[in-house]
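Structure file start.pdb (PDB, C-alpha atoms) is printed below.
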```pdb
ATOM      1  CA  MET A 105      50.390 165.218 243.327
ATOM      2  CA  THR A 106      48.791 168.164 245.161
ATOM      3  CA  ASP A 107      45.156 169.207 244.801
ATOM      4  CA  GLU A 108      46.267 172.469 243.176
ATOM      5  CA  ARG A 109      48.270 170.598 240.538
ATOM      6  CA  ILE A 110      45.326 168.275 239.824
ATOM      7  CA  ILE A 111      42.978 171.239 239.337
ATOM      8  CA  GLU A 112      45.596 172.969 237.154
ATOM      9  CA  LEU A 113      45.886 169.885 234.944
ATOM     10  CA  TYR A 114      42.136 169.670 234.622
ATOM     11  CA  SER A 115      41.716 173.314 233.690
ATOM     12  CA  CYS A 116      44.446 172.913 231.020
ATOM     13  CA  GLY A 117      42.279 170.259 229.370
ATOM     14  CA  MET A 118      44.373 167.350 230.649
ATOM     15  CA  GLN A 119      41.390 165.541 232.191
ATOM     16  CA  GLU A 120      42.867 162.071 232.108
ATOM     17  CA  GLU A 121      46.079 163.206 233.809
ATOM     18  CA  ALA A 122      44.035 165.031 236.431
ATOM     19  CA  PHE A 123      41.974 161.908 237.034
ATOM     20  CA  ARG A 124      45.138 159.821 237.314
ATOM     21  CA  GLY A 125      46.385 162.324 239.902
ATOM     22  CA  ILE A 126      43.170 161.947 241.907
ATOM     23  CA  VAL A 127      43.407 158.149 241.826
ATOM     24  CA  ASP A 128      47.054 158.245 242.937
ATOM     25  CA  ALA A 129      46.459 160.724 245.736
ATOM     26  CA  TYR A 130      43.115 159.535 247.060
ATOM     27  CA  THR A 131      42.772 155.770 246.570
ATOM     28  CA  GLU A 132      44.087 154.909 250.023
ATOM     29  CA  ARG A 133      42.367 157.744 251.891
ATOM     30  CA  LEU A 134      38.979 157.036 250.362
ATOM     31  CA  TYR A 135      39.411 153.294 250.784
ATOM     32  CA  TRP A 136      39.982 153.608 254.551
ATOM     33  CA  HIS A 137      37.142 156.096 254.798
ATOM     34  CA  ILE A 138      34.617 153.732 253.221
ATOM     35  CA  ARG A 139      36.105 150.605 254.772
ATOM     36  CA  ARG A 140      35.196 151.817 258.253
ATOM     37  CA  PHE A 141      31.532 151.925 257.208
ATOM     38  CA  LEU A 142      31.274 148.803 255.096
ATOM     39  CA  CYS A 143      33.380 146.479 257.296
ATOM     40  CA  SER A 144      34.416 144.336 254.338
ATOM     41  CA  HIS A 145      37.282 144.574 251.865
ATOM     42  CA  GLU A 146      35.247 143.211 248.939
ATOM     43  CA  ASP A 147      32.400 145.665 249.415
ATOM     44  CA  SER A 148      34.866 148.529 249.857
ATOM     45  CA  ASN A 149      36.724 147.585 246.698
ATOM     46  CA  ASP A 150      33.506 147.497 244.647
ATOM     47  CA  LEU A 151      32.304 150.781 246.069
ATOM     48  CA  LEU A 152      35.669 152.468 245.574
ATOM     49  CA  GLN A 153      35.524 151.660 241.857
ATOM     50  CA  ASP A 154      32.004 153.094 241.668
ATOM     51  CA  ILE A 155      33.178 156.208 243.476
ATOM     52  CA  PHE A 156      35.983 156.837 240.988
ATOM     53  CA  ILE A 157      33.606 156.324 238.064
ATOM     54  CA  LYS A 158      31.326 158.907 239.677
ATOM     55  CA  VAL A 159      34.270 161.226 240.195
ATOM     56  CA  TRP A 160      35.282 160.926 236.541
ATOM     57  CA  SER A 161      31.783 161.648 235.289
ATOM     58  CA  ALA A 162      31.290 164.498 237.787
ATOM     59  CA  LEU A 163      34.671 166.158 237.135
ATOM     60  CA  PRO A 164      33.250 168.598 234.538
ATOM     61  CA  THR A 165      30.884 169.906 237.235
ATOM     62  CA  PHE A 166      33.718 170.635 239.677
ATOM     63  CA  ARG A 167      33.995 174.423 239.730
ATOM     64  CA  GLY A 168      36.685 174.765 242.371
ATOM     65  CA  GLU A 169      34.381 176.521 244.850
ATOM     66  CA  ALA A 170      34.893 173.637 247.272
ATOM     67  CA  LYS A 171      38.219 172.062 248.124
ATOM     68  CA  LEU A 172      38.990 169.076 245.933
ATOM     69  CA  TYR A 173      39.357 166.768 248.917
ATOM     70  CA  THR A 174      36.033 167.746 250.517
ATOM     71  CA  TRP A 175      34.385 167.359 247.101
ATOM     72  CA  LEU A 176      35.816 163.830 246.799
ATOM     73  CA  TYR A 177      34.860 162.906 250.356
ATOM     74  CA  ARG A 178      31.369 164.201 249.691
ATOM     75  CA  ILE A 179      30.968 161.905 246.686
ATOM     76  CA  ALA A 180      32.422 158.980 248.641
ATOM     77  CA  THR A 181      30.210 159.636 251.675
ATOM     78  CA  ASN A 182      27.068 159.867 249.555
ATOM     79  CA  GLU A 183      27.953 156.587 247.876
ATOM     80  CA  VAL A 184      28.550 154.985 251.269
ATOM     81  CA  LEU A 185      25.155 156.191 252.490
ATOM     82  CA  ASN A 186      23.438 154.836 249.381
ATOM     83  CA  HIS A 187      25.181 151.518 249.869
ATOM     84  CA  LEU A 188      24.209 151.372 253.541
ATOM     85  CA  ARG A 189      20.580 152.099 252.682
ATOM     86  CA  LYS A 190      20.585 149.196 250.253
ATOM     87  CA  GLN A 191      22.104 146.992 252.953
ATOM     88  CA  LYS A 192      19.451 148.150 255.392
ATOM     89  CA  PHE A 193      16.799 147.004 252.921
ATOM     90  CA  LYS A 194      18.536 143.643 252.452
ATOM     91  CA  ALA A 195      18.728 143.245 256.227
ATOM     92  CA  LEU A 196      15.015 143.978 256.480
ATOM     93  CA  ILE A 197      14.259 141.205 254.012
ATOM     94  CA  SER A 198      16.438 138.729 255.924
ATOM     95  CA  LEU A 199      14.733 139.751 259.192
ATOM     96  CA  ASP A 200      18.007 141.077 260.539
ATOM     97  CA  THR A 201      19.150 144.552 261.519
ATOM     98  CA  ALA A 202      21.670 146.448 259.415
ATOM     99  CA  SER A 203      23.952 147.022 262.387
ATOM    100  CA  ALA A 204      23.858 143.326 263.350
ATOM    101  CA  MET A 205      24.800 142.445 259.774
ATOM    102  CA  LEU A 206      27.736 144.879 259.868
ATOM    103  CA  GLU A 207      28.854 143.645 263.279
ATOM    104  CA  ARG A 208      28.895 140.116 261.921
ATOM    105  CA  LYS A 209      31.001 141.323 259.003
ATOM    106  CA  ILE A 210      33.534 142.735 261.471
ATOM    107  CA  ASP A 211      33.763 139.336 263.177
ATOM    108  CA  GLU A 212      34.162 137.544 259.851
ATOM    109  CA  ASP A 213      36.599 140.049 258.318
ATOM    110  CA  ILE A 214      39.877 138.249 257.670
ATOM    111  CA  TYR A 215      41.626 141.582 257.127
ATOM    112  CA  PHE A 216      40.789 142.905 260.588
ATOM    113  CA  ASN A 217      43.951 142.931 262.634
ATOM    114  CA  GLY A 218      43.028 145.139 265.563
ATOM    115  CA  ASP A 219      42.732 144.038 269.196
ATOM    116  CA  GLU A 220      39.502 143.206 271.013
ATOM    117  CA  LEU A 221      38.976 146.795 272.131
ATOM    118  CA  GLN A 222      39.285 148.022 268.545
ATOM    119  CA  ARG A 223      36.846 145.352 267.373
ATOM    120  CA  GLU A 224      34.287 146.483 269.946
ATOM    121  CA  LEU A 225      34.899 150.118 269.009
ATOM    122  CA  HIS A 226      34.053 149.407 265.371
ATOM    123  CA  LYS A 227      30.973 147.440 266.391
ATOM    124  CA  ALA A 228      29.826 150.301 268.614
ATOM    125  CA  ILE A 229      30.227 152.708 265.669
ATOM    126  CA  GLN A 230      27.913 150.538 263.545
ATOM    127  CA  ARG A 231      25.219 150.941 266.186
ATOM    128  CA  LEU A 232      25.256 154.739 265.834
ATOM    129  CA  PRO A 233      22.692 156.571 263.686
ATOM    130  CA  GLU A 234      23.873 157.328 260.137
ATOM    131  CA  LYS A 235      24.832 160.976 260.603
ATOM    132  CA  GLN A 236      26.587 160.404 263.928
ATOM    133  CA  ARG A 237      28.518 157.536 262.381
ATOM    134  CA  ILE A 238      29.853 159.786 259.623
ATOM    135  CA  VAL A 239      30.774 162.646 261.931
ATOM    136  CA  PHE A 240      32.402 160.340 264.432
ATOM    137  CA  SER A 241      34.443 158.568 261.773
ATOM    138  CA  LEU A 242      35.650 161.734 260.051
ATOM    139  CA  ARG A 243      36.434 163.512 263.302
ATOM    140  CA  TYR A 244      37.795 160.689 265.441
ATOM    141  CA  PHE A 245      39.834 158.732 262.891
ATOM    142  CA  ASP A 246      40.620 161.305 260.192
ATOM    143  CA  GLU A 247      40.783 164.240 262.645
ATOM    144  CA  MET A 248      39.034 166.373 260.083
ATOM    145  CA  LYS A 249      38.050 169.960 260.881
ATOM    146  CA  TYR A 250      34.375 170.588 261.567
ATOM    147  CA  GLU A 251      34.334 173.158 258.741
ATOM    148  CA  ASP A 252      35.420 170.479 256.255
ATOM    149  CA  ILE A 253      32.962 167.918 257.620
ATOM    150  CA  SER A 254      30.316 170.607 257.264
ATOM    151  CA  GLU A 255      31.125 170.932 253.548
ATOM    152  CA  ILE A 256      31.048 167.159 253.088
ATOM    153  CA  THR A 257      27.803 166.529 254.931
ATOM    154  CA  ASP A 258      26.066 169.823 254.185
ATOM    155  CA  THR A 259      25.356 170.292 257.888
ATOM    156  CA  SER A 260      26.108 173.269 260.140
ATOM    157  CA  VAL A 261      29.203 173.171 262.360
ATOM    158  CA  GLY A 262      27.026 173.531 265.464
ATOM    159  CA  ALA A 263      24.891 170.521 264.535
ATOM    160  CA  LEU A 264      28.028 168.518 263.769
ATOM    161  CA  LYS A 265      29.562 169.318 267.152
ATOM    162  CA  ALA A 266      26.386 168.187 268.894
ATOM    163  CA  SER A 267      26.274 164.994 266.787
ATOM    164  CA  TYR A 268      29.908 164.214 267.552
ATOM    165  CA  HIS A 269      29.361 164.793 271.259
ATOM    166  CA  HIS A 270      26.411 162.376 271.335
ATOM    167  CA  ALA A 271      28.246 159.807 269.234
ATOM    168  CA  TYR A 272      31.402 160.011 271.363
ATOM    169  CA  ASN A 273      29.444 159.473 274.578
ATOM    170  CA  LYS A 274      27.448 156.559 273.162
ATOM    171  CA  VAL A 275      30.570 154.790 271.920
ATOM    172  CA  LYS A 276      32.400 155.464 275.163
ATOM    173  CA  GLU A 277      29.528 154.083 277.254
ATOM    174  CA  ASP A 278      29.237 151.036 275.040
ATOM    175  CA  LEU A 279      32.922 150.258 275.449
ATOM    176  CA  GLN A 280      33.057 151.014 279.163
ATOM    177  CA  LYS A 281      30.278 148.501 279.779
ATOM    178  CA  LYS A 282      32.493 145.783 278.331
ATOM    179  CA  PHE A 283      36.007 146.853 279.371
TER     180      PHE A 283
ATOM    181  CA  MET B 289      31.822 158.740 290.150
ATOM    182  CA  LYS B 290      35.119 157.319 288.995
ATOM    183  CA  GLU B 291      33.279 155.484 286.198
ATOM    184  CA  MET B 292      31.678 158.763 285.062
ATOM    185  CA  LYS B 293      35.011 160.472 284.708
ATOM    186  CA  ARG B 294      36.622 157.562 282.952
ATOM    187  CA  ASP B 295      37.124 158.007 279.204
ATOM    188  CA  ILE B 296      38.171 154.792 277.521
ATOM    189  CA  LEU B 297      38.511 156.493 274.124
ATOM    190  CA  ALA B 298      40.938 159.091 275.459
ATOM    191  CA  GLU B 299      42.843 156.533 277.522
ATOM    192  CA  ASN B 300      43.531 154.353 274.477
ATOM    193  CA  PRO B 301      45.025 156.454 271.700
ATOM    194  CA  GLN B 302      45.794 153.269 269.728
ATOM    195  CA  LEU B 303      42.057 153.065 268.985
ATOM    196  CA  ARG B 304      42.482 155.796 266.398
ATOM    197  CA  LYS B 305      44.947 153.649 264.496
ATOM    198  CA  GLN B 306      43.878 151.592 261.504
ATOM    199  CA  ALA B 307      42.427 148.287 262.629
ATOM    200  CA  HIS B 308      41.952 146.916 259.132
ATOM    201  CA  THR B 309      44.386 145.815 256.503
ATOM    202  CA  ALA B 310      44.071 145.421 252.749
ATOM    203  CA  PRO B 311      45.386 142.501 250.685
ATOM    204  CA  GLU B 312      49.068 142.659 249.733
ATOM    205  CA  GLY B 313      49.656 144.981 246.747
ATOM    206  CA  TYR B 314      45.981 145.934 246.587
ATOM    207  CA  PHE B 315      46.446 149.686 246.243
ATOM    208  CA  GLU B 316      49.111 149.429 243.529
ATOM    209  CA  GLU B 317      46.932 147.056 241.528
ATOM    210  CA  PHE B 318      43.855 149.203 242.010
ATOM    211  CA  LYS B 319      45.651 152.350 240.866
ATOM    212  CA  SER B 320      47.086 150.649 237.779
ATOM    213  CA  GLN B 321      43.683 149.262 236.794
ATOM    214  CA  MET B 322      41.654 152.385 237.479
ATOM    215  CA  LYS B 323      41.464 154.110 234.126
ATOM    216  CA  PRO B 324      39.261 157.020 233.098
ATOM    217  CA  TYR B 325      36.103 155.576 231.653
ATOM    218  CA  ARG B 326      35.518 156.989 228.196
ATOM    219  CA  THR B 327      31.901 155.943 228.383
ATOM    220  CA  ALA B 328      31.358 158.133 231.392
ATOM    221  CA  GLN B 329      32.007 161.256 229.321
ATOM    222  CA  GLN B 330      30.348 160.546 225.992
ATOM    223  CA  ASN B 331      29.462 163.386 223.695
ATOM    224  CA  TRP B 332      25.882 163.852 222.485
ATOM    225  CA  ALA B 333      26.477 161.912 219.246
ATOM    226  CA  GLU B 334      27.814 158.902 221.167
ATOM    227  CA  ARG B 335      24.848 159.056 223.529
ATOM    228  CA  LEU B 336      22.479 159.190 220.556
ATOM    229  CA  VAL B 337      23.712 155.925 219.002
ATOM    230  CA  PRO B 338      21.903 153.513 221.379
ATOM    231  CA  LEU B 339      18.710 155.585 221.187
ATOM    232  CA  VAL B 340      18.732 155.544 217.383
ATOM    233  CA  SER B 341      19.453 151.800 217.407
ATOM    234  CA  MET B 342      16.499 151.190 219.722
ATOM    235  CA  ALA B 343      14.187 153.308 217.546
ATOM    236  CA  ALA B 344      15.341 151.499 214.369
ATOM    237  CA  THR B 345      14.762 148.102 216.001
ATOM    238  CA  PHE B 346      11.275 149.185 217.069
ATOM    239  CA  ILE B 347      10.365 150.383 213.558
ATOM    240  CA  LEU B 348      11.730 147.177 212.023
ATOM    241  CA  LEU B 349       9.729 144.998 214.424
ATOM    242  CA  ALA B 350       6.563 147.052 213.913
ATOM    243  CA  THR B 351       6.889 146.822 210.096
ATOM    244  CA  ALA B 352       7.548 143.077 210.186
ATOM    245  CA  GLY B 353       4.618 142.568 212.563
ATOM    246  CA  THR B 354       2.208 144.552 210.395
ATOM    247  CA  PHE B 355       3.314 142.687 207.258
ATOM    248  CA  PHE B 356       2.874 139.329 208.987
ATOM    249  CA  LEU B 357      -0.601 140.244 210.263
ATOM    250  CA  GLN B 358      -1.679 141.388 206.832
ATOM    251  CA  ARG B 359      -0.551 138.096 205.365
ATOM    252  CA  THR B 360      -2.249 135.894 207.932
ATOM    253  CA  THR B 361      -5.529 137.747 208.669
ATOM    254  CA  PRO B 362      -8.352 137.236 206.064
ATOM    255  CA  SER B 363      -9.491 140.472 204.450
ATOM    256  CA  GLU B 364     -13.068 141.749 204.841
ATOM    257  CA  ASP B 365     -13.229 143.051 201.211
ATOM    258  CA  ILE B 366     -14.341 140.517 198.565
ATOM    259  CA  THR B 367     -12.070 140.669 195.590
ATOM    260  CA  GLN B 368     -12.869 139.486 192.030
ATOM    261  CA  GLU B 369     -10.660 136.490 192.697
ATOM    262  CA  ASP B 370     -12.736 135.570 195.782
ATOM    263  CA  PHE B 371     -15.921 135.822 193.676
ATOM    264  CA  ILE B 372     -14.557 133.469 191.014
ATOM    265  CA  VAL B 373     -13.517 130.965 193.648
ATOM    266  CA  PHE B 374     -16.972 131.218 195.259
ATOM    267  CA  SER B 375     -18.774 130.868 191.921
ATOM    268  CA  ASN B 376     -16.908 127.662 191.163
ATOM    269  CA  ASP B 377     -18.090 126.290 194.463
ATOM    270  CA  VAL B 378     -21.762 126.739 193.551
ATOM    271  CA  SER B 379     -22.833 123.693 191.527
ATOM    272  CA  LYS B 380     -25.034 123.905 188.437
ATOM    273  CA  ILE B 381     -27.745 121.884 190.170
ATOM    274  CA  ASP B 382     -28.027 124.576 192.823
ATOM    275  CA  TYR B 383     -28.410 127.167 190.058
ATOM    276  CA  TYR B 384     -31.254 125.315 188.251
ATOM    277  CA  GLU B 385     -33.055 124.666 191.501
ATOM    278  CA  GLU B 386     -32.977 128.392 192.148
ATOM    279  CA  MET B 387     -34.346 129.121 188.609
ATOM    280  CA  ASP B 388     -37.223 126.599 189.054
ATOM    281  CA  HIS B 389     -38.099 128.296 192.278
ATOM    282  CA  ILE B 390     -38.379 131.628 190.466
ATOM    283  CA  ALA B 391     -40.439 130.041 187.620
ATOM    284  CA  ASP B 392     -42.886 128.578 190.119
ATOM    285  CA  ALA B 393     -43.793 131.998 191.396
ATOM    286  CA  TYR B 394     -47.401 132.911 190.401
ATOM    287  CA  VAL B 395     -48.062 136.112 188.338
ATOM    288  CA  ALA B 396     -51.691 136.997 187.560
ATOM    289  CA  ASP B 397     -52.866 137.848 183.955
ATOM    290  CA  GLU B 398     -54.170 141.229 185.129
ATOM    291  CA  ASP B 399     -50.737 142.143 186.387
ATOM    292  CA  ILE B 400     -49.156 141.222 183.025
ATOM    293  CA  ILE B 401     -51.733 143.273 181.063
ATOM    294  CA  GLU B 402     -51.274 146.230 183.390
ATOM    295  CA  TYR B 403     -47.534 146.002 182.904
ATOM    296  CA  LEU B 404     -47.868 145.849 179.096
ATOM    297  CA  ILE B 405     -50.198 148.881 179.028
ATOM    298  CA  TYR B 406     -47.792 150.760 181.244
ATOM    299  CA  SER B 407     -44.935 149.830 178.853
ATOM    300  CA  GLY B 408     -46.799 151.376 175.860
ATOM    301  CA  VAL B 409     -47.994 148.177 174.104
ATOM    302  CA  SER B 410     -51.241 148.779 172.158
ATOM    303  CA  ALA B 411     -54.489 147.015 173.109
ATOM    304  CA  GLU B 412     -54.565 145.259 169.688
ATOM    305  CA  GLU B 413     -51.176 143.742 170.201
ATOM    306  CA  ILE B 414     -52.173 142.611 173.715
ATOM    307  CA  GLU B 415     -55.343 141.083 172.270
ATOM    308  CA  LEU B 416     -53.317 139.277 169.569
ATOM    309  CA  SER B 417     -50.856 137.829 172.053
ATOM    310  CA  LYS B 418     -53.713 136.229 174.031
TER     311      LYS B 418
END
```

What would you get if you wrote out this structure as structure tokens?
Amino acid sequence: MTDERIIELYSCGMQEEAFRGIVDAYTERLYWHIRRFLCSHEDSNDLLQDIFIKVWSALPTFRGEAKLYTWLYRIATNEVLNHLRKQKFKALISLDTASAMLERKIDEDIYFNGDELQRELHKAIQRLPEKQRIVFSLRYFDEMKYEDISEITDTSVGALKASYHHAYNKVKEDLQKKF
Amino acid sequence: MKEMKRDILAENPQLRKQAHTAPEGYFEEFKSQMKPYRTAQQNWAERLVPLVSMAATFILLATAGTFFLQRTTPSEDITQEDFIVFSNDVSKIDYYEEMDHIADAYVADEDIIEYLIYSGVSAEEIELSK
């Protein structure tokens, strides 16, 4: 189902059908988006459910000024950031660092089927600052336009380009030290 | 110099590919189970129900508490019933002892005469009573 059709259904008062359309069209995309940050299937599954609950409750506030997909990614990204902040706090209590915890999750993830270079790439991403991690993920993996990332993150295109440039170089250097 | 120009991310386009998998049939199951949550879009009346329930519970507990305290805490006001109970506790011996004590008190003759004059009793009558 296209975004236009989903919005049409919603404006006709068919909220549940519109929601069903969103779930059908976006479950996989949002799952992979959040999975790259959380490094665990279980955490991603829990968060994905929370995201759709948020989407359902926030649907009446969707005015169609933004694209549906950037609106959904924005909700998902905010939820990811909230989750990561909680993890950071947990890591602090266990005298660990959040990135070390996430790197360990990558090593323990039974659903990771990439090669060694991919594993190191994902670990290097976890070492990036929050904002750079988001920009890098959306640009590098999803090949999203800067204009759309700007809508999702509420950051100017110029700042995003600079963030991506820094993130790209850091990840590259990290990998080139090992391979 | 060669190392500077090298770009491992550009050299390995497979890095952009998905490195994770999801359990078999996960997405189908997720989509079939993900239903719109009615509770997420309650109207004002539905939202009011738990608040009213909480308020009613509070009032009920406060009323029961007040009633219980009134029943268990002794009152400061002495009722007629309390007086009767107290009077029964005072023995007759105590009462007579108190009366004897009053009778023992000394009153001078001059004071009695002064009192009788003040009350309007004539001097003859006072003289007769002596």

Would you translate the PyMOL selection byres ((chain A) within 9 of (chain B)) into the concrete set of residues it matches in this file, as a VMD selection string?
-> chain A and resid 119 to 120 123 to 124 127 to 128 131 to 132 136 139 to 140 143 145 149 153 156 to 158 160 to 161 213 to 219 221 to 223 225 to 226 244 to 246 272 275 to 277 279 to 280 283

Residues matched by the PyMOL selection byres ((chain A and resi 113-116) around 12) as a list in words | Met105, Thr106, Asp107, Glu108, Arg109, Ile110, Ile111, Glu112, Gly117, Met118, Gln119, Glu120, Glu121, Ala122, Phe123, Arg124, Gly125, Ile126, Trp160, Leu163, Pro164, Thr165, Phe166, Arg167, Gly168 and Leu172 of chain A

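Using all atoms listed in the file, the shortest contact distance between His137 of chain A and any of A:Lys235, A:Arg243, A:Lys282, A:Arg189 is found at A:Arg243.
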
Distance atom CA of Gly262 of chain A-atom CA of His187 of chain A, one decimal place?
-> 27.0 Å

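Separating atom CA of Glu207 of chain A from atom CA of Asp258 of chain A is a distance of 27.9 Å.
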
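Counting from atom CA of Ala333 of chain B, the distance to atom CA of Thr351 of chain B is 26.4 Å.
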
Carefully work through the PyMOL selection byres ((chain A and resi 230-232) around 10) for this structure and note down the residues it includes, as a ChimeraX atom specification.
-> /A:140-143,201-207,210,224-229,233-238,240,270-272,274-275,278

Coords for segment 133-145 of chain A, N, CA, C and O atoms, as a PDB file, in the first residue's frame:
```
ATOM      1  N   ARG A 133      11.059  -2.198   7.154  1.00  0.00           N
ATOM      2  CA  ARG A 133      11.961  -1.040   7.030  1.00  0.00           C
ATOM      3  C   ARG A 133      12.331  -0.477   8.399  1.00  0.00           C
ATOM      4  O   ARG A 133      13.490  -0.178   8.673  1.00  0.00           O
ATOM      5  N   LEU A 134      11.315  -0.342   9.253  1.00  0.00           N
ATOM      6  CA  LEU A 134      11.601   0.211  10.583  1.00  0.00           C
ATOM      7  C   LEU A 134      12.387  -0.779  11.443  1.00  0.00           C
ATOM      8  O   LEU A 134      13.240  -0.384  12.229  1.00  0.00           O
ATOM      9  N   TYR A 135      12.093  -2.065  11.241  1.00  0.00           N
ATOM     10  CA  TYR A 135      12.823  -3.078  12.017  1.00  0.00           C
ATOM     11  C   TYR A 135      14.315  -2.987  11.716  1.00  0.00           C
ATOM     12  O   TYR A 135      15.138  -2.929  12.639  1.00  0.00           O
ATOM     13  N   TRP A 136      14.684  -2.945  10.414  1.00  0.00           N
ATOM     14  CA  TRP A 136      16.104  -2.912  10.062  1.00  0.00           C
ATOM     15  C   TRP A 136      16.738  -1.603  10.508  1.00  0.00           C
ATOM     16  O   TRP A 136      17.908  -1.566  10.877  1.00  0.00           O
ATOM     17  N   HIS A 137      15.941  -0.545  10.474  1.00  0.00           N
ATOM     18  CA  HIS A 137      16.452   0.759  10.911  1.00  0.00           C
ATOM     19  C   HIS A 137      16.844   0.703  12.394  1.00  0.00           C
ATOM     20  O   HIS A 137      17.958   1.078  12.765  1.00  0.00           O
ATOM     21  N   ILE A 138      15.943   0.177  13.213  1.00  0.00           N
ATOM     22  CA  ILE A 138      16.238   0.157  14.659  1.00  0.00           C
ATOM     23  C   ILE A 138      17.217  -0.960  15.022  1.00  0.00           C
ATOM     24  O   ILE A 138      17.987  -0.833  15.956  1.00  0.00           O
ATOM     25  N   ARG A 139      17.200  -2.016  14.258  1.00  0.00           N
ATOM     26  CA  ARG A 139      18.081  -3.158  14.550  1.00  0.00           C
ATOM     27  C   ARG A 139      19.561  -2.761  14.484  1.00  0.00           C
ATOM     28  O   ARG A 139      20.388  -3.242  15.244  1.00  0.00           O
ATOM     29  N   ARG A 140      19.865  -1.872  13.545  1.00  0.00           N
ATOM     30  CA  ARG A 140      21.257  -1.431  13.390  1.00  0.00           C
ATOM     31  C   ARG A 140      21.748  -0.671  14.620  1.00  0.00           C
ATOM     32  O   ARG A 140      22.933  -0.628  14.911  1.00  0.00           O
ATOM     33  N   PHE A 141      20.818  -0.077  15.365  1.00  0.00           N
ATOM     34  CA  PHE A 141      21.215   0.676  16.566  1.00  0.00           C
ATOM     35  C   PHE A 141      21.209  -0.203  17.812  1.00  0.00           C
ATOM     36  O   PHE A 141      22.019  -0.017  18.701  1.00  0.00           O
ATOM     37  N   LEU A 142      20.255  -1.109  17.880  1.00  0.00           N
ATOM     38  CA  LEU A 142      20.101  -1.869  19.127  1.00  0.00           C
ATOM     39  C   LEU A 142      20.917  -3.155  19.169  1.00  0.00           C
ATOM     40  O   LEU A 142      21.140  -3.702  20.241  1.00  0.00           O
ATOM     41  N   CYS A 143      21.305  -3.672  17.978  1.00  0.00           N
ATOM     42  CA  CYS A 143      22.184  -4.837  17.890  1.00  0.00           C
ATOM     43  C   CYS A 143      21.589  -6.109  18.507  1.00  0.00           C
ATOM     44  O   CYS A 143      22.347  -7.006  18.888  1.00  0.00           O
ATOM     45  N   SER A 144      20.303  -6.158  18.667  1.00  0.00           N
ATOM     46  CA  SER A 144      19.697  -7.367  19.241  1.00  0.00           C
ATOM     47  C   SER A 144      18.276  -7.509  18.700  1.00  0.00           C
ATOM     48  O   SER A 144      17.527  -6.520  18.651  1.00  0.00           O
ATOM     49  N   HIS A 145      17.923  -8.729  18.315  1.00  0.00           N
ATOM     50  CA  HIS A 145      16.582  -8.954  17.768  1.00  0.00           C
ATOM     51  C   HIS A 145      15.511  -8.718  18.824  1.00  0.00           C
ATOM     52  O   HIS A 145      14.487  -8.080  18.545  1.00  0.00           O
TER      53      HIS A 145
END
```
